[in-house]
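One structure is given below, encoded as structure tokens.
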Amino acid sequence: MTTQLTPAPRPTVLRAAAGEAPVFGGSSLPAQIRILTGRSLRAMVTDPGIVLFGLIQPVVILFVLTQVFSKMGMPPHFPEGVTYLDYVLPAILVDNAAQSAMQSGVGLVEDQKNGMVARLRSLPVHPGALLAARSLVGLVRATVQVLIIMVLAITVLGYSPNGGAAELALSAGLTVFISFSLGWAFIAAGAWLRRAEPLQNLALIVIFPLMFASSAYVPVADLPGWLAAVASVNPLTYAIDASRALALDVPGLDHAIPSVAISAVIAVVGMVVALRGFRRPL
């Protein structure tokens, strides 16, 4: 006798009134995203290890990079009147944004391993609700880490950018947006890979070379010829230059629009790819 397995029911979409959000099994998509985001945030806050290491990581990056490289001689094309701390801090923020974005993908993999995804698939929950919740949790984490880095840099290390408070806020906002867009890229990778180790290795292979092959630590003009060519087309160079121009009031603000456009494209493509990968059978 052959036993036929009945597939898990697909989310039931109810017709909503004009101007209202579609309803899935009695709750709207925004409501599902809000509930799942709150669940993930509570789980993150109540786990001392996650909170501790999430706070330590940006602090270590800040103090190690600024204290080690600040003792080196300045390259010929280094901006005049700018300390190395002021120069490198926007790069530290972007690097931290990329590291924080990776955790969004790792969080999705953990949900797949602990059975959370399997349980949600048996309920009338929209497939994109969990993905969006993971993205918003990453956004909150990146925002908190950016604030920690800036507060410590200003109060402990004497960070004093030439730009005003509004420009500094825009620089921080750009960094958070970059983290949000990269978060979707790693969520997409997590939806397809479904394992934390390959995801973390992928992040190391991609982020580490891109950060050093950019304007993060020295001006592009002071890099070797082949490396300068790579840095000139590196998306992280656009992001770092734009963030640095806002905070320090130096040339490079023309890179703001390309960096936002590239980040937006990464986010949209990541959403589509993540949803397709997430719909695959477990």
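How things are named: the first chain in the structure tokens is A, the next is B, and so on; residues count from 1 in each chain; ligands count from 1 in the order shown.
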
Discussion item. List the spatial neighbours of A:Arg134 as a list in words - criterion: any atom at most 10 Å away, only C-alpha atoms, same-chain residues fewer than 2 positions off excluded.
Written reply: Ile33, Leu36, Thr37, Ser40, Leu41, Gln103, Ser104, Gly105, Val106, Gly107, Leu108, Asp111, Gly128, Ala129, Leu130, Leu131, Ala132, Leu136, Val137, Gly138, Leu139, Gly183, Trp184 and Ile187 of chain A

Fill in: Shell around A:Glu167 at 12 Å using only C-alpha atoms, local window under 2 positions removed, as a list in words
Pro161, Asn162, Gly163, Gly164, Ala165, Ala169, Leu170, Ser171, Ala172, Gly173, Leu174, Ala242, Ser243, Arg244, Ala245, Leu246, Ala247, Leu248, Asp249, Val250 and Leu253 of chain A

Save out the residues we just selected, N, CA and C atoms, as a PDB file, in the first residue's frame.
ATOM      1  N   PRO A 161      35.349  64.950  13.279  1.00  0.00           N
ATOM      2  CA  PRO A 161      35.259  65.178  11.832  1.00  0.00           C
ATOM      3  C   PRO A 161      34.937  66.629  11.515  1.00  0.00           C
ATOM      4  N   ASN A 162      35.379  67.065  10.335  1.00  0.00           N
ATOM      5  CA  ASN A 162      35.152  68.457   9.934  1.00  0.00           C
ATOM      6  C   ASN A 162      33.713  68.738   9.550  1.00  0.00           C
ATOM      7  N   GLY A 163      32.988  67.708   9.103  1.00  0.00           N
ATOM      8  CA  GLY A 163      31.590  67.887   8.755  1.00  0.00           C
ATOM      9  C   GLY A 163      30.753  68.162   9.994  1.00  0.00           C
ATOM     10  N   GLY A 164      29.580  68.730   9.798  1.00  0.00           N
ATOM     11  CA  GLY A 164      28.708  69.036  10.916  1.00  0.00           C
ATOM     12  C   GLY A 164      27.938  67.812  11.392  1.00  0.00           C
ATOM     13  N   ALA A 165      27.056  68.045  12.380  1.00  0.00           N
ATOM     14  CA  ALA A 165      26.284  66.948  12.952  1.00  0.00           C
ATOM     15  C   ALA A 165      25.352  66.322  11.918  1.00  0.00           C
ATOM     16  N   ALA A 169      25.421  62.480  10.662  1.00  0.00           N
ATOM     17  CA  ALA A 169      24.233  61.618  10.720  1.00  0.00           C
ATOM     18  C   ALA A 169      23.952  60.986   9.362  1.00  0.00           C
ATOM     19  N   LEU A 170      24.135  61.759   8.291  1.00  0.00           N
ATOM     20  CA  LEU A 170      23.936  61.209   6.947  1.00  0.00           C
ATOM     21  C   LEU A 170      24.969  60.125   6.648  1.00  0.00           C
ATOM     22  N   SER A 171      26.205  60.333   7.107  1.00  0.00           N
ATOM     23  CA  SER A 171      27.244  59.338   6.915  1.00  0.00           C
ATOM     24  C   SER A 171      26.878  58.034   7.625  1.00  0.00           C
ATOM     25  N   ALA A 172      26.388  58.157   8.847  1.00  0.00           N
ATOM     26  CA  ALA A 172      25.960  56.971   9.598  1.00  0.00           C
ATOM     27  C   ALA A 172      24.760  56.315   8.930  1.00  0.00           C
ATOM     28  N   GLY A 173      23.819  57.131   8.445  1.00  0.00           N
ATOM     29  CA  GLY A 173      22.649  56.582   7.770  1.00  0.00           C
ATOM     30  C   GLY A 173      23.015  55.829   6.506  1.00  0.00           C
ATOM     31  N   LEU A 174      23.980  56.347   5.751  1.00  0.00           N
ATOM     32  CA  LEU A 174      24.442  55.656   4.553  1.00  0.00           C
ATOM     33  C   LEU A 174      25.049  54.309   4.915  1.00  0.00           C
ATOM     34  N   ALA A 242      31.919  58.064  -0.133  1.00  0.00           N
ATOM     35  CA  ALA A 242      30.736  58.883   0.131  1.00  0.00           C
ATOM     36  C   ALA A 242      30.574  59.129   1.620  1.00  0.00           C
ATOM     37  N   SER A 243      30.739  58.089   2.427  1.00  0.00           N
ATOM     38  CA  SER A 243      30.629  58.248   3.878  1.00  0.00           C
ATOM     39  C   SER A 243      31.718  59.163   4.421  1.00  0.00           C
ATOM     40  N   ARG A 244      32.926  59.025   3.883  1.00  0.00           N
ATOM     41  CA  ARG A 244      34.048  59.869   4.316  1.00  0.00           C
ATOM     42  C   ARG A 244      33.833  61.333   3.909  1.00  0.00           C
ATOM     43  N   ALA A 245      33.320  61.545   2.700  1.00  0.00           N
ATOM     44  CA  ALA A 245      33.086  62.914   2.233  1.00  0.00           C
ATOM     45  C   ALA A 245      32.050  63.618   3.089  1.00  0.00           C
ATOM     46  N   LEU A 246      31.006  62.890   3.506  1.00  0.00           N
ATOM     47  CA  LEU A 246      29.981  63.490   4.360  1.00  0.00           C
ATOM     48  C   LEU A 246      30.536  63.837   5.733  1.00  0.00           C
ATOM     49  N   ALA A 247      31.301  62.922   6.316  1.00  0.00           N
ATOM     50  CA  ALA A 247      31.786  63.128   7.685  1.00  0.00           C
ATOM     51  C   ALA A 247      32.924  64.140   7.755  1.00  0.00           C
ATOM     52  N   LEU A 248      33.801  64.152   6.758  1.00  0.00           N
ATOM     53  CA  LEU A 248      35.016  64.961   6.838  1.00  0.00           C
ATOM     54  C   LEU A 248      34.980  66.209   5.978  1.00  0.00           C
ATOM     55  N   ASP A 249      33.941  66.364   5.164  1.00  0.00           N
ATOM     56  CA  ASP A 249      33.850  67.505   4.255  1.00  0.00           C
ATOM     57  C   ASP A 249      35.044  67.542   3.313  1.00  0.00           C
ATOM     58  N   VAL A 250      35.303  66.383   2.666  1.00  0.00           N
ATOM     59  CA  VAL A 250      36.380  66.253   1.687  1.00  0.00           C
ATOM     60  C   VAL A 250      35.765  65.800   0.366  1.00  0.00           C
ATOM     61  N   LEU A 253      31.900  63.270  -2.509  1.00  0.00           N
ATOM     62  CA  LEU A 253      30.453  63.220  -2.328  1.00  0.00           C
ATOM     63  C   LEU A 253      29.735  62.766  -3.600  1.00  0.00           C
TER      64      LEU A 253
END

Item to complete: Name the residues of stretch 139-219 of chain A that come out as alpha helix (DSSP H) in a backbone DSSP run; write them as a VMD selection string.
Response: chain A and resid 139 to 155 165 to 193 196 to 212

Worksheet item: Residues at most 6 Å from stretch 237-240 of chain A, counting only C-alpha atoms, excluding those fewer than 5 positions away in the same chain, as a list in words?
Response: Ala91, Ser214, Ser215, His255 and Ser259 of chain A

Worksheet item: Leaving out A:Thr66 and any residue of its chain fewer than 4 positions from it, which residues lie within 10 Å of it when counting only C-alpha atoms, given as a PyMOL selection string?
Response: chain A and resi 60-62+70-71+84-89+92+153+157

Could the residues in this selection be written to a file with N, CA, C and O atoms, as a CSV table (one decimal), in the first residue's frame?
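Result written to selection-v6.csv:
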chain,number,residue,atom,x,y,z
A,60,VAL,N,36.5,46.2,19.1
A,60,VAL,CA,37.8,45.6,18.8
A,60,VAL,C,38.2,46.2,17.4
A,60,VAL,O,39.4,46.6,17.3
A,61,ILE,N,37.3,46.2,16.4
A,61,ILE,CA,37.7,46.7,15.1
A,61,ILE,C,38.2,48.1,15.2
A,61,ILE,O,39.2,48.6,14.6
A,62,LEU,N,37.4,48.9,16.0
A,62,LEU,CA,37.8,50.4,16.1
A,62,LEU,C,39.1,50.6,16.7
A,62,LEU,O,40.0,51.3,16.2
A,70,SER,N,47.5,54.0,12.9
A,70,SER,CA,47.8,55.5,13.1
A,70,SER,C,49.2,55.8,13.3
A,70,SER,O,49.7,56.9,13.2
A,71,LYS,N,50.1,54.8,13.7
A,71,LYS,CA,51.5,55.0,13.9
A,71,LYS,C,52.3,54.9,12.7
A,71,LYS,O,53.5,55.2,12.7
A,84,TYR,N,44.5,60.2,10.9
A,84,TYR,CA,44.2,58.8,10.4
A,84,TYR,C,42.9,58.3,11.0
A,84,TYR,O,42.2,57.5,10.3
A,85,LEU,N,42.6,58.6,12.3
A,85,LEU,CA,41.4,58.2,12.9
A,85,LEU,C,40.2,58.7,12.1
A,85,LEU,O,39.2,57.9,11.8
A,86,ASP,N,40.2,60.0,11.8
A,86,ASP,CA,39.1,60.6,11.0
A,86,ASP,C,39.0,59.9,9.6
A,86,ASP,O,37.9,59.7,9.1
A,87,TYR,N,40.1,59.6,9.0
A,87,TYR,CA,40.1,59.0,7.7
A,87,TYR,C,39.6,57.6,7.7
A,87,TYR,O,38.8,57.2,6.8
A,88,VAL,N,40.0,56.8,8.7
A,88,VAL,CA,39.7,55.4,8.6
A,88,VAL,C,38.4,55.0,9.3
A,88,VAL,O,37.8,54.0,9.0
A,89,LEU,N,37.8,55.9,10.1
A,89,LEU,CA,36.6,55.6,10.8
A,89,LEU,C,35.4,55.2,9.8
A,89,LEU,O,34.7,54.3,10.1
A,92,ILE,N,35.8,51.8,8.8
A,92,ILE,CA,35.5,50.8,9.9
A,92,ILE,C,34.0,50.7,10.0
A,92,ILE,O,33.5,49.5,10.2
A,153,ALA,N,34.5,56.5,19.6
A,153,ALA,CA,35.5,57.3,18.8
A,153,ALA,C,35.5,58.7,19.2
A,153,ALA,O,36.6,59.3,19.3
A,157,LEU,N,38.6,58.4,21.8
A,157,LEU,CA,39.7,58.5,20.8
A,157,LEU,C,39.8,60.0,20.3
A,157,LEU,O,40.7,60.3,19.6

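Closest approach to A:Glu197 among A:Ile154, A:Val109, A:Val233, A:Ala133 is made by A:Val109 (distances from only C-alpha atoms).
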
Practice prompt. Would you please work out which residue, of A:Arg195, A:His126, A:Arg42, A:Arg119, is nearest to A:Leu29 when using only C-alpha atoms?
Written response: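 Checking each candidate against A:Leu29, we get A:His126 as the closest.
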
Discussion item. Env of A:Arg280: 12 Å cut, atoms = only C-alpha atoms, seq-sep filter 5 positions within chain, self excluded. Answer as a PyMOL selection string.
Written reply: chain A and resi 112+117-118+121+127+191-194+273-275

Restricting the output to N, CA and C atoms, write the selected residues as a tab-separated table (two decimals), in the first residue's frame.
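part_30.tsv, freshly written:
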chain	number	residue	atom	x	y	z
A	112	GLN	N	16.42	27.79	10.15
A	112	GLN	CA	16.19	26.58	9.36
A	112	GLN	C	16.63	25.34	10.11
A	117	VAL	N	11.62	27.40	10.66
A	117	VAL	CA	11.11	27.53	9.30
A	117	VAL	C	10.10	26.43	9.01
A	118	ALA	N	10.38	25.21	9.43
A	118	ALA	CA	9.45	24.10	9.20
A	118	ALA	C	8.11	24.36	9.88
A	121	ARG	N	6.14	26.99	7.98
A	121	ARG	CA	5.60	26.53	6.71
A	121	ARG	C	4.29	25.76	6.87
A	127	PRO	N	5.82	33.55	3.05
A	127	PRO	CA	7.23	33.17	3.06
A	127	PRO	C	8.19	34.34	3.25
A	191	ALA	N	19.59	31.38	2.39
A	191	ALA	CA	18.43	30.64	1.91
A	191	ALA	C	18.82	29.53	0.96
A	192	TRP	N	19.90	29.71	0.21
A	192	TRP	CA	20.33	28.70	-0.75
A	192	TRP	C	21.36	27.74	-0.15
A	193	LEU	N	22.29	28.25	0.63
A	193	LEU	CA	23.33	27.39	1.19
A	193	LEU	C	22.81	26.56	2.36
A	194	ARG	N	22.05	27.20	3.27
A	194	ARG	CA	21.42	26.53	4.41
A	194	ARG	C	22.43	25.94	5.39
A	273	VAL	N	16.10	36.75	-4.94
A	273	VAL	CA	16.84	35.49	-4.86
A	273	VAL	C	16.57	34.79	-3.54
A	274	ALA	N	16.48	35.55	-2.45
A	274	ALA	CA	16.21	34.96	-1.14
A	274	ALA	C	14.84	34.29	-1.10
A	275	LEU	N	13.84	34.94	-1.67
A	275	LEU	CA	12.48	34.38	-1.66
A	275	LEU	C	12.43	33.09	-2.48

Item to complete: Could you check which of A:Pro251, A:Pro209, A:Ser181, A:Ala221 is closest to A:Asn234, using only C-alpha atoms?
Response: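 Looking only at the distances to A:Asn234, the closest residue turns out to be A:Pro209.
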
Response to the item:
note - atom CA of A:Trp226 and atom CA of A:Met74 are separated by 20.9 Å

Worksheet item: Counting only C-alpha atoms, what is within 12 Å of A:Val45, bar same-chain residues fewer than 5 positions away, as an NGL selection string?
Response: :A and (38-40 or 50-55 or 137 or 140-141)

Just N, CA and C atoms for this one: save the residues we selected as a short mmCIF file (atom, residue, chain, number, x, y, z; two decimals), in the first residue's frame.
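See selection28.cif below for the written result:
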data_model
loop_
_atom_site.label_atom_id
_atom_site.label_comp_id
_atom_site.auth_asym_id
_atom_site.auth_seq_id
_atom_site.Cartn_x
_atom_site.Cartn_y
_atom_site.Cartn_z
N GLY A 38 9.84 41.08 16.32
CA GLY A 38 9.87 41.15 17.78
C GLY A 38 10.39 39.88 18.40
N ARG A 39 9.99 38.73 17.85
CA ARG A 39 10.48 37.45 18.36
C ARG A 39 11.99 37.35 18.24
N SER A 40 12.54 37.71 17.08
CA SER A 40 13.98 37.62 16.86
C SER A 40 14.74 38.61 17.73
N ILE A 50 25.12 36.61 22.45
CA ILE A 50 24.88 37.41 21.25
C ILE A 50 25.08 38.89 21.53
N VAL A 51 24.54 39.35 22.65
CA VAL A 51 24.66 40.76 23.01
C VAL A 51 26.12 41.13 23.25
N LEU A 52 26.84 40.30 24.00
CA LEU A 52 28.22 40.61 24.36
C LEU A 52 29.11 40.66 23.12
N PHE A 53 29.07 39.62 22.31
CA PHE A 53 29.94 39.59 21.14
C PHE A 53 29.51 40.60 20.09
N GLY A 54 28.21 40.89 20.03
CA GLY A 54 27.75 41.91 19.10
C GLY A 54 28.26 43.29 19.46
N LEU A 55 28.49 43.54 20.77
CA LEU A 55 29.01 44.82 21.21
C LEU A 55 30.54 44.87 21.16
N VAL A 137 15.91 42.90 11.82
CA VAL A 137 16.75 42.65 12.99
C VAL A 137 18.20 43.04 12.70
N VAL A 140 18.51 46.80 12.91
CA VAL A 140 18.60 47.27 14.30
C VAL A 140 20.01 47.03 14.84
N ARG A 141 20.54 45.84 14.60
CA ARG A 141 21.88 45.50 15.10
C ARG A 141 22.92 46.43 14.51
#

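Take atom CA of A:Leu199 and atom CA of A:Gly270: the distance between them is 14.6 Å.
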
Practice prompt. Select, from A:Met44, A:Ala142, A:Ala213, A:Val125, the residue with the minimum atom-to-atom distance to A:Pro30, counting only C-alpha atoms.
Written response: A:Val125

Discussion item. As an exercise, work out the distance from atom CA of A:Phe177 to atom CA of A:Gly277 in Å and give it to one decimal place.
Written reply: 23.3 Å

DSSP says strand (DSSP E or B) for which residues of stretch 22-82 of chain A? Put them as a PDB file with all heavy atoms, in the first residue's frame?
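Contents of out_30.pdb, as written:
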ATOM      1  N   VAL A  23      -4.185  39.945   3.424  1.00  0.00           N
ATOM      2  CA  VAL A  23      -4.298  39.214   4.679  1.00  0.00           C
ATOM      3  C   VAL A  23      -3.957  37.751   4.429  1.00  0.00           C
ATOM      4  O   VAL A  23      -4.472  37.135   3.501  1.00  0.00           O
ATOM      5  CB  VAL A  23      -5.718  39.341   5.268  1.00  0.00           C
ATOM      6  CG1 VAL A  23      -5.837  38.529   6.551  1.00  0.00           C
ATOM      7  CG2 VAL A  23      -6.042  40.802   5.538  1.00  0.00           C
ATOM      8  N   PHE A  24      -3.065  37.190   5.266  1.00  0.00           N
ATOM      9  CA  PHE A  24      -2.641  35.796   5.146  1.00  0.00           C
ATOM     10  C   PHE A  24      -3.116  35.053   6.391  1.00  0.00           C
ATOM     11  O   PHE A  24      -2.578  35.251   7.471  1.00  0.00           O
ATOM     12  CB  PHE A  24      -1.124  35.697   5.009  1.00  0.00           C
ATOM     13  CG  PHE A  24      -0.584  36.391   3.785  1.00  0.00           C
ATOM     14  CD1 PHE A  24      -0.323  37.747   3.810  1.00  0.00           C
ATOM     15  CD2 PHE A  24      -0.360  35.678   2.628  1.00  0.00           C
ATOM     16  CE1 PHE A  24       0.175  38.380   2.684  1.00  0.00           C
ATOM     17  CE2 PHE A  24       0.140  36.310   1.500  1.00  0.00           C
ATOM     18  CZ  PHE A  24       0.401  37.664   1.535  1.00  0.00           C
ATOM     19  N   SER A  27      -4.090  37.406   9.365  1.00  0.00           N
ATOM     20  CA  SER A  27      -3.218  38.518   9.753  1.00  0.00           C
ATOM     21  C   SER A  27      -2.537  39.077   8.516  1.00  0.00           C
ATOM     22  O   SER A  27      -2.234  38.338   7.575  1.00  0.00           O
ATOM     23  CB  SER A  27      -2.173  38.058  10.776  1.00  0.00           C
ATOM     24  OG  SER A  27      -1.347  37.063  10.228  1.00  0.00           O
ATOM     25  N   SER A  28      -2.267  40.351   8.525  1.00  0.00           N
ATOM     26  CA  SER A  28      -1.651  41.002   7.373  1.00  0.00           C
ATOM     27  C   SER A  28      -0.153  40.734   7.356  1.00  0.00           C
ATOM     28  O   SER A  28       0.454  40.368   8.373  1.00  0.00           O
ATOM     29  CB  SER A  28      -1.909  42.507   7.412  1.00  0.00           C
ATOM     30  OG  SER A  28      -1.279  43.090   8.541  1.00  0.00           O
TER      31      SER A  28
END
